[in-house]
file protein.txt (compact mmCIF, C-alpha atoms)
# COMPACT_ATOMS: atom_id res chain seq x y z
CA MET A 9 79.06 -117.07 12.58
CA ASP A 10 82.31 -117.90 10.81
CA GLU A 11 84.35 -116.63 13.74
CA SER A 12 82.29 -118.73 16.17
CA LEU A 13 82.64 -121.85 14.00
CA ARG A 14 86.37 -121.30 13.58
CA ALA A 15 86.81 -121.22 17.37
CA VAL A 16 85.54 -124.83 17.70
CA PRO A 17 87.56 -127.80 16.41
CA LEU A 18 85.91 -129.59 13.48
CA ALA A 19 85.57 -132.86 15.41
CA GLU A 20 83.48 -131.03 18.01
CA LEU A 21 81.35 -129.21 15.43
CA GLU A 22 80.34 -132.29 13.48
CA GLY A 23 77.19 -134.06 14.61
CA ALA A 24 73.97 -133.34 16.41
CA ASP A 25 75.66 -133.23 19.81
CA GLY A 26 78.13 -130.53 18.80
CA PRO A 27 77.61 -126.78 19.16
CA GLY A 28 77.18 -126.18 15.40
CA LEU A 29 73.38 -126.05 15.40
CA ASP A 30 73.33 -123.69 18.37
CA LEU A 31 75.85 -121.42 16.67
CA PHE A 32 73.70 -121.53 13.51
CA ARG A 33 70.64 -120.57 15.55
CA ASP A 34 72.51 -117.86 17.45
CA SER A 35 73.49 -116.34 14.10
CA CYS A 36 69.84 -116.31 12.93
CA GLY A 37 70.69 -118.91 10.27
CA PRO A 38 67.21 -120.49 10.27
CA GLY A 39 65.76 -117.22 8.96
CA LEU A 40 68.35 -116.76 6.21
CA LEU A 41 65.87 -117.24 3.33
CA VAL A 42 62.88 -115.75 5.10
CA PRO A 43 62.02 -112.28 3.79
CA ALA A 44 62.60 -109.36 6.13
CA ALA A 45 58.84 -108.68 6.01
CA HIS A 46 58.44 -111.98 7.88
CA ARG A 47 61.23 -111.26 10.42
CA GLY A 48 63.95 -113.11 8.51
CA LEU A 49 67.30 -112.05 7.10
CA GLY A 50 65.94 -111.81 3.55
CA ALA A 51 68.99 -113.26 1.79
CA THR A 52 68.92 -113.60 -1.96
CA ALA A 53 69.52 -116.99 -3.55
CA LEU A 54 73.12 -116.00 -4.36
CA GLU A 55 73.76 -114.79 -0.81
CA ALA A 56 72.31 -118.01 0.63
CA LEU A 57 74.47 -120.06 -1.71
CA ARG A 58 77.56 -118.20 -0.51
CA VAL A 59 76.61 -118.88 3.10
CA GLN A 60 76.13 -122.59 2.32
CA ARG A 61 79.53 -122.77 0.60
CA ALA A 62 81.19 -121.10 3.58
CA LEU A 63 79.42 -123.48 5.97
CA GLY A 64 80.49 -126.46 3.87
CA ALA A 65 84.11 -125.35 4.09
CA ARG A 66 83.94 -124.82 7.85
CA ALA A 67 81.45 -127.49 9.05
CA PRO A 68 80.18 -130.02 6.45
CA TRP A 69 77.59 -131.65 8.75
CA LEU A 70 76.14 -128.25 9.61
CA ALA A 71 76.04 -127.35 5.91
CA ALA A 72 74.06 -130.51 5.13
CA THR A 73 71.70 -129.94 8.04
CA SER A 74 71.08 -126.32 7.15
CA ALA A 75 70.55 -127.19 3.47
CA LEU A 76 67.76 -129.58 4.44
CA HIS A 77 66.27 -126.89 6.67
CA HIS A 78 66.42 -124.34 3.85
CA LEU A 79 64.70 -126.79 1.47
CA SER A 80 61.84 -127.23 3.92
CA THR A 81 61.67 -123.49 4.54
CA ALA A 82 61.55 -122.86 0.78
CA VAL A 83 58.53 -125.17 0.49
CA LEU A 84 56.85 -123.22 3.28
CA LEU A 85 57.75 -119.91 1.62
CA ALA A 86 56.22 -121.16 -1.64
CA GLN A 87 52.95 -121.67 0.24
CA VAL A 88 53.14 -118.14 1.64
CA THR A 89 53.95 -116.71 -1.80
CA ALA A 90 50.98 -118.56 -3.32
CA ASP A 91 48.85 -116.72 -0.70
CA ARG A 92 46.20 -119.36 -0.41
CA GLY A 93 44.71 -117.67 2.62
CA GLY A 94 46.41 -120.01 5.07
CA LEU A 95 48.39 -119.28 8.16
CA GLU A 96 51.74 -120.45 6.79
CA TRP A 97 53.08 -116.92 7.16
CA MET A 98 52.87 -117.38 10.93
CA LEU A 99 55.10 -120.44 10.68
CA VAL A 100 57.56 -118.54 8.50
CA GLU A 101 57.76 -115.78 11.07
CA GLY A 102 58.10 -118.31 13.89
CA VAL A 103 60.94 -120.09 12.11
CA ALA A 104 62.79 -116.82 11.62
CA ALA A 105 62.00 -115.09 14.92
CA ASP A 106 62.53 -118.14 17.13
CA ASN A 107 65.35 -119.67 15.04
CA ARG A 108 63.48 -122.96 14.57
CA LEU A 109 64.91 -125.66 12.33
CA VAL A 110 62.57 -127.46 9.92
CA ALA A 111 62.95 -131.07 8.72
CA PHE A 112 60.99 -132.63 5.89
CA GLY A 113 59.22 -135.91 5.28
CA PHE A 114 58.32 -135.66 1.61
CA ALA A 115 61.28 -136.81 -0.49
CA GLU A 116 60.19 -140.40 -1.00
CA GLY A 117 62.15 -141.23 -4.14
CA ARG A 118 59.28 -143.10 -5.78
CA PRO A 119 59.61 -143.77 -9.51
CA ASP A 120 57.48 -141.49 -11.70
CA ALA A 121 56.42 -139.35 -8.72
CA GLY A 122 57.48 -135.85 -7.88
CA MET A 123 59.54 -135.23 -4.80
CA LEU A 124 56.69 -133.34 -3.17
CA ALA A 125 53.97 -135.88 -4.07
CA PRO A 126 52.38 -137.03 -0.81
CA VAL A 127 52.43 -140.65 0.27
CA THR A 128 50.42 -140.06 3.43
CA THR A 129 46.67 -139.57 3.48
CA ALA A 130 44.19 -138.05 5.87
CA THR A 131 40.67 -139.27 6.57
CA MET A 132 37.91 -137.47 8.38
CA GLU A 133 37.23 -138.87 11.83
CA PRO A 134 34.87 -137.55 14.51
CA GLU A 135 37.91 -136.20 16.37
CA GLY A 136 39.32 -134.50 13.26
CA LEU A 137 41.77 -135.57 10.59
CA ARG A 138 43.60 -138.87 11.02
CA ILE A 139 46.88 -139.02 9.12
CA GLY A 140 48.00 -142.43 7.94
CA GLY A 141 50.65 -143.94 5.73
CA VAL A 142 54.39 -144.08 5.82
CA THR A 143 56.83 -141.29 5.18
CA ARG A 144 60.53 -141.22 5.59
CA THR A 145 61.82 -138.13 7.25
CA CYS A 146 65.22 -136.76 6.43
CA GLY A 147 67.96 -138.36 8.47
CA LEU A 148 68.42 -135.19 10.45
CA ALA A 149 64.82 -134.92 11.65
CA GLY A 150 65.88 -135.69 15.22
CA THR A 151 67.81 -132.43 15.40
CA MET A 152 65.00 -130.24 14.08
CA ASP A 153 62.19 -128.36 15.83
CA LEU A 154 59.46 -128.76 13.20
CA LEU A 155 58.61 -131.49 10.71
CA ALA A 156 56.97 -130.76 7.35
CA ILE A 157 55.02 -133.51 5.62
CA SER A 158 52.80 -133.52 2.56
CA VAL A 159 49.38 -135.11 3.08
CA MET A 160 46.45 -135.85 0.77
CA THR A 161 43.25 -134.71 2.47
CA PRO A 162 39.64 -135.37 1.47
CA ARG A 163 37.95 -132.56 -0.38
CA THR A 164 35.48 -130.56 1.67
CA ASP A 165 33.51 -129.25 -1.30
CA GLY A 166 31.77 -132.58 -2.00
CA LYS A 167 33.69 -133.23 -5.22
CA PRO A 168 35.54 -136.53 -5.62
CA GLY A 169 39.28 -136.60 -5.16
CA GLU A 170 41.71 -135.15 -2.70
CA ASN A 171 43.68 -132.01 -2.04
CA ARG A 172 47.36 -131.86 -1.30
CA ARG A 173 48.04 -130.20 2.02
CA TRP A 174 51.16 -129.47 3.99
CA ARG A 175 51.23 -130.30 7.64
CA TRP A 176 53.71 -128.83 10.06
CA CYS A 177 54.28 -130.69 13.28
CA ARG A 178 56.17 -129.35 16.24
CA ARG A 179 58.58 -131.74 17.88
CA ARG A 180 58.27 -132.41 21.54
CA ALA A 181 60.82 -130.73 23.73
CA ARG A 182 64.12 -132.51 23.86
CA ALA A 183 64.92 -134.38 27.04
call {"tool": "encode", "arguments": {"input": "protein.txt", "output": "structure tokens"}}
result
Amino acid sequence: MDESLRAVPLAELEGADGPGLDLFRDSCGPGLLVPAAHRGLGATALEALRVQRALGARAPWLAATSALHHLSTAVLLAQVTADRGGLEWMLVEGVAADNRLVAFGFAEGRPDAGMLAPVTTATMEPEGLRIGGVTRTCGLAGTMDLLAISVMTPRTDGKPGENRRWRWCRRRARA
């Protein structure tokens, strides 16, 4: 990827309209942190850090964008590692195999609340779950393929309270 990035002037690389994201995808960058068992590159934390440093030196905007993607992917990987019986592993494989970029909508910056604490809620409706509330997606969400948000859902076991759930939304195709 470094050779491809070096061939493009920095002014052309920077920004969503430049070729940087496509070069990142073509180099299988979205699957960098995804284990090989899930069709990713299986980089260690140190290897991923070295890639991010190299990207930062060559294309700062791309480094910022990919760092946000890797944060969202790490949250997804944590769900897979916890093995809660969900289908998150399919998303992990899709991200890696199809070189999909993931944005997040869960860093709300609220005082005394964790970064991953949901601000959106879901209520049961006859048609299914209705998600409501306000979340602020990362500024690069428009360049990504998937959006991750954290949602509080009603418990289904009859007990009071709510469960934290992750929702992954696929963006519509770009025009």
call {"tool": "closest_atom_pairs", "arguments": {"input": "protein.txt", "of": "range 15-34 of chain A", "to": "range 149-164 of chain A", "cutoff": "12 Å", "atoms": "only C-alpha atoms", "output": "JSON lines"}}
result
{"residue": "A:Gly23", "atom": "CA", "partner": "A:Thr151", "partner_atom": "CA", "distance": 9.6}
{"residue": "A:Ala24", "atom": "CA", "partner": "A:Thr151", "partner_atom": "CA", "distance": 6.3}
{"residue": "A:Asp25", "atom": "CA", "partner": "A:Thr151", "partner_atom": "CA", "distance": 9.0}
{"residue": "A:Gly26", "atom": "CA", "partner": "A:Thr151", "partner_atom": "CA", "distance": 11.0}
{"residue": "A:Pro27", "atom": "CA", "partner": "A:Thr151", "partner_atom": "CA", "distance": 11.9}
{"residue": "A:Gly28", "atom": "CA", "partner": "A:Thr151", "partner_atom": "CA", "distance": 11.3}
{"residue": "A:Leu29", "atom": "CA", "partner": "A:Thr151", "partner_atom": "CA", "distance": 8.5}
{"residue": "A:Asp30", "atom": "CA", "partner": "A:Thr151", "partner_atom": "CA", "distance": 10.8}
{"residue": "A:Arg33", "atom": "CA", "partner": "A:Met152", "partner_atom": "CA", "distance": 11.3}
call {"tool": "closest_residue", "arguments": {"input": "protein.txt", "among": "A:Arg108, A:Ala53, A:Glu135, A:Phe32", "to": "Ala71 in chain A", "atoms": "all atoms listed in the file"}}
result
A:Phe32
call {"tool": "closest_residue", "arguments": {"input": "protein.txt", "among": "A:Ala65, A:Met132, A:Leu76, A:Ala56", "to": "Leu40 in chain A", "atoms": "only C-alpha atoms"}}
result
A:Ala56
call {"tool": "residues_around", "arguments": {"input": "protein.txt", "residues": "Cys36 in chain A", "least_positions_apart": "2", "cutoff": "10 Å", "atoms": "all atoms listed in the file", "output": "VMD selection string"}}
result
chain A and resid 9 30 to 34 38 to 40 48 to 49 103 to 108
call {"tool": "atom_distance", "arguments": {"input": "protein.txt", "atom1": "CA of Pro17 in chain A", "atom2": "CA of Leu79 in chain A"}}
result
27.3 Å
call {"tool": "closest_residue", "arguments": {"input": "protein.txt", "among": "A:Gly50, A:Pro43, A:Gly37, A:Pro68", "to": "Ala19 in chain A", "atoms": "only C-alpha atoms"}}
result
A:Pro68
call {"tool": "atom_distance", "arguments": {"input": "protein.txt", "atom1": "CA of Ala75 in chain A", "atom2": "CA of Gln60 in chain A"}}
result
7.3 Å
call {"tool": "closest_residue", "arguments": {"input": "protein.txt", "among": "A:His78, A:Arg138, A:Arg47, A:Arg66", "to": "Arg14 in chain A", "atoms": "all atoms listed in the file"}}
result
A:Arg66
call {"tool": "closest_residue", "arguments": {"input": "protein.txt", "among": "A:Val100, A:Val127, A:Leu137, A:Ala15", "to": "Ala44 in chain A", "atoms": "all atoms listed in the file"}}
result
A:Val100
call {"tool": "atom_distance", "arguments": {"input": "protein.txt", "atom1": "CA of Pro134 in chain A", "atom2": "CA of Ala111 in chain A"}}
result
29.4 Å
call {"tool": "decode", "arguments": {"input": "protein.txt", "residues": "range 20-36 of chain A", "atoms": "N, CA and C atoms", "output": "compact mmCIF listing (two decimals), in the first residue's frame"}}
result
# COMPACT_ATOMS: atom_id res chain seq x y z
N GLU A 20 -3.97 15.11 -3.39
CA GLU A 20 -4.99 14.25 -3.99
C GLU A 20 -5.45 13.16 -3.04
N LEU A 21 -4.55 12.70 -2.18
CA LEU A 21 -4.89 11.63 -1.23
C LEU A 21 -5.86 12.11 -0.15
N GLU A 22 -5.67 13.32 0.31
CA GLU A 22 -6.42 13.81 1.46
C GLU A 22 -7.88 14.06 1.12
N GLY A 23 -8.77 13.52 1.90
CA GLY A 23 -10.19 13.76 1.75
C GLY A 23 -10.95 12.58 1.18
N ALA A 24 -12.24 12.61 1.40
CA ALA A 24 -13.10 11.51 0.99
C ALA A 24 -13.16 11.31 -0.52
N ASP A 25 -12.89 12.35 -1.28
CA ASP A 25 -12.96 12.22 -2.73
C ASP A 25 -11.67 11.71 -3.35
N GLY A 26 -10.62 11.61 -2.56
CA GLY A 26 -9.34 11.13 -3.08
C GLY A 26 -9.31 9.62 -3.16
N PRO A 27 -8.25 9.08 -3.73
CA PRO A 27 -8.14 7.63 -3.91
C PRO A 27 -7.66 6.86 -2.67
N GLY A 28 -7.38 7.58 -1.57
CA GLY A 28 -6.82 6.92 -0.39
C GLY A 28 -7.64 5.77 0.15
N LEU A 29 -8.96 5.97 0.29
CA LEU A 29 -9.80 4.90 0.82
C LEU A 29 -9.83 3.70 -0.10
N ASP A 30 -9.86 3.94 -1.40
CA ASP A 30 -9.84 2.81 -2.33
C ASP A 30 -8.52 2.06 -2.26
N LEU A 31 -7.42 2.78 -2.13
CA LEU A 31 -6.12 2.12 -1.98
C LEU A 31 -6.07 1.32 -0.68
N PHE A 32 -6.65 1.87 0.38
CA PHE A 32 -6.73 1.17 1.67
C PHE A 32 -7.54 -0.11 1.51
N ARG A 33 -8.66 -0.01 0.83
CA ARG A 33 -9.50 -1.21 0.61
C ARG A 33 -8.76 -2.22 -0.27
N ASP A 34 -8.14 -1.73 -1.35
CA ASP A 34 -7.43 -2.63 -2.26
C ASP A 34 -6.30 -3.38 -1.56
N SER A 35 -5.78 -2.80 -0.50
CA SER A 35 -4.69 -3.43 0.27
C SER A 35 -5.21 -4.26 1.43
N CYS A 36 -6.52 -4.49 1.47
CA CYS A 36 -7.17 -5.27 2.53
C CYS A 36 -7.03 -4.63 3.91
